[in-house]
Amino acid sequence: RYKGRCYYIEPVAGEENQYIAYVAYPLDLFEEGSVTNMFTSIVGNVFGFKALRALRLEDLRIPTAYVKTFQGPPHGIQVERDKLNKYGRPL
């Protein structure tokens with residue numbers, strides 16, 4: 001129940017022995033509101049496959065129901081921008 005499932009694999013055009021794998025995980029696997037938990041679960045699980053020699057995460061789609069559990073920065077976006085000295089662009 002609590003494991004990823006590869007639901008589609010397609011070869012990379014023009015590349016030998018390279019594939020794009022589509023993997024889905026049940027939302028119950030992840031702690032609500034925890035970006036750290038989500039990424040650790042995904043990266044630690046997928047990148048831990050011993051049969052792989054190289055792997056690159058190209059896309060990550062997060063269901064709206066799970067996104068809504070994230071509360072945002074604890075001090076507000078302006079404080080985060082001030083700390084990072086980043087304005088007028090996405091963080």
# chains A, B, ... in the order shown; residues from 1 in each chain; ligands from 1
call {"tool": "select_by_dssp", "arguments": {"residues": "chain A", "states": "helix (DSSP H, G or I)", "output": "VMD selection string"}}
result
chain A and resid 27 to 29 35 to 46 64 to 67 77 to 84
call {"tool": "residues_around", "arguments": {"residues": "region 6-13 of chain A", "least_positions_apart": "4", "cutoff": "10 Å", "atoms": "only C-alpha atoms", "output": "PyMOL selection string"}}
result
chain A and resi 17-25
call {"tool": "select_by_dssp", "arguments": {"residues": "chain A", "states": "strand (DSSP E)", "output": "PyMOL selection string"}}
result
chain A and resi 5-11+19-24
call {"tool": "write_last_selection", "arguments": {"atoms": "N, CA and C atoms", "output": "mmCIF file, in the first residue's frame"}}
result
data_model
loop_
_atom_site.group_PDB
_atom_site.id
_atom_site.type_symbol
_atom_site.label_atom_id
_atom_site.label_comp_id
_atom_site.auth_asym_id
_atom_site.auth_seq_id
_atom_site.Cartn_x
_atom_site.Cartn_y
_atom_site.Cartn_z
ATOM 1 N N ARG A 5 4.475 3.357 -7.469
ATOM 2 C CA ARG A 5 4.078 2.447 -8.537
ATOM 3 C C ARG A 5 4.455 3.081 -9.865
ATOM 4 N N CYS A 6 5.251 2.375 -10.644
ATOM 5 C CA CYS A 6 5.608 2.835 -11.982
ATOM 6 C C CYS A 6 4.450 2.457 -12.904
ATOM 7 N N TYR A 7 3.787 3.463 -13.441
ATOM 8 C CA TYR A 7 2.605 3.177 -14.251
ATOM 9 C C TYR A 7 2.831 3.351 -15.746
ATOM 10 N N TYR A 8 4.007 3.854 -16.144
ATOM 11 C CA TYR A 8 4.286 3.990 -17.574
ATOM 12 C C TYR A 8 5.785 4.176 -17.776
ATOM 13 N N ILE A 9 6.315 3.539 -18.807
ATOM 14 C CA ILE A 9 7.730 3.685 -19.171
ATOM 15 C C ILE A 9 7.792 3.914 -20.672
ATOM 16 N N GLU A 10 8.558 4.919 -21.072
ATOM 17 C CA GLU A 10 8.732 5.170 -22.503
ATOM 18 C C GLU A 10 10.208 5.395 -22.801
ATOM 19 N N PRO A 11 10.688 4.921 -23.946
ATOM 20 C CA PRO A 11 12.090 5.127 -24.304
ATOM 21 C C PRO A 11 12.351 6.588 -24.653
ATOM 22 N N TYR A 19 15.297 5.751 -20.540
ATOM 23 C CA TYR A 19 13.842 5.696 -20.493
ATOM 24 C C TYR A 19 13.295 6.789 -19.591
ATOM 25 N N ILE A 20 12.061 7.140 -19.826
ATOM 26 C CA ILE A 20 11.325 8.022 -18.932
ATOM 27 C C ILE A 20 10.327 7.141 -18.192
ATOM 28 N N ALA A 21 10.404 7.163 -16.877
ATOM 29 C CA ALA A 21 9.500 6.359 -16.053
ATOM 30 C C ALA A 21 8.562 7.292 -15.298
ATOM 31 N N TYR A 22 7.304 6.961 -15.306
ATOM 32 C CA TYR A 22 6.286 7.719 -14.592
ATOM 33 C C TYR A 22 5.930 6.939 -13.331
ATOM 34 N N VAL A 23 6.152 7.573 -12.180
ATOM 35 C CA VAL A 23 5.962 6.902 -10.896
ATOM 36 C C VAL A 23 4.945 7.694 -10.074
ATOM 37 N N ALA A 24 4.014 6.996 -9.459
ATOM 38 C CA ALA A 24 3.003 7.634 -8.608
ATOM 39 C C ALA A 24 3.109 7.069 -7.195
#
call {"tool": "closest_residue", "arguments": {"among": "A:Leu52, A:Val35, A:Leu29, A:Leu57", "to": "Thr69 (chain A)", "atoms": "only C-alpha atoms"}}
result
A:Val35
call {"tool": "closest_residue", "arguments": {"among": "A:Leu91, A:Gly44, A:Glu16, A:Ala65", "to": "Ile77 (chain A)", "atoms": "only C-alpha atoms"}}
result
A:Leu91
call {"tool": "atom_distance", "arguments": {"atom1": "CA of Glu58 (chain A)", "atom2": "CA of Pro73 (chain A)"}}
result
25.2 Å
call {"tool": "atom_distance", "arguments": {"atom1": "CA of Val43 (chain A)", "atom2": "CA of Arg61 (chain A)"}}
result
14.0 Å
call {"tool": "closest_residue", "arguments": {"among": "A:Lys68, A:Lys83, A:Arg89, A:Arg53", "to": "Gly33 (chain A)", "atoms": "only C-alpha atoms"}}
result
A:Lys68
call {"tool": "atom_distance", "arguments": {"atom1": "CA of Ile42 (chain A)", "atom2": "CA of Thr64 (chain A)"}}
result
17.6 Å
call {"tool": "decode", "arguments": {"residues": "region 55-86 of chain A", "atoms": "C-alpha atoms", "output": "short mmCIF file (atom, residue, chain, number, x, y, z; two decimals), in the first residue's frame"}}
result
data_model
loop_
_atom_site.label_atom_id
_atom_site.label_comp_id
_atom_site.auth_asym_id
_atom_site.auth_seq_id
_atom_site.Cartn_x
_atom_site.Cartn_y
_atom_site.Cartn_z
CA LEU A 55 18.68 9.13 -12.70
CA ARG A 56 17.32 12.64 -13.14
CA LEU A 57 14.07 13.99 -11.72
CA GLU A 58 12.51 16.06 -14.51
CA ASP A 59 8.99 16.76 -13.30
CA LEU A 60 7.02 16.59 -10.09
CA ARG A 61 3.26 17.00 -9.97
CA ILE A 62 1.66 17.52 -6.60
CA PRO A 63 -2.11 17.04 -6.22
CA THR A 64 -4.07 20.14 -5.19
CA ALA A 65 -5.36 18.40 -2.06
CA TYR A 66 -1.77 17.94 -0.83
CA VAL A 67 -0.64 21.44 -1.86
CA LYS A 68 -3.39 22.89 0.33
CA THR A 69 -1.76 21.33 3.41
CA PHE A 70 1.30 23.60 3.03
CA GLN A 71 1.05 26.69 5.23
CA GLY A 72 3.77 28.75 3.55
CA PRO A 73 6.67 30.51 5.24
CA PRO A 74 6.17 30.95 9.00
CA HIS A 75 7.15 34.65 8.93
CA GLY A 76 5.40 35.74 5.75
CA ILE A 77 6.68 36.12 2.23
CA GLN A 78 8.13 39.62 2.76
CA VAL A 79 10.40 38.44 5.60
CA GLU A 80 11.59 35.55 3.41
CA ARG A 81 12.31 37.95 0.53
CA ASP A 82 14.22 40.26 2.89
CA LYS A 83 16.32 37.35 4.24
CA LEU A 84 17.16 36.17 0.72
CA ASN A 85 17.40 39.67 -0.79
CA LYS A 86 15.20 38.49 -3.69
#
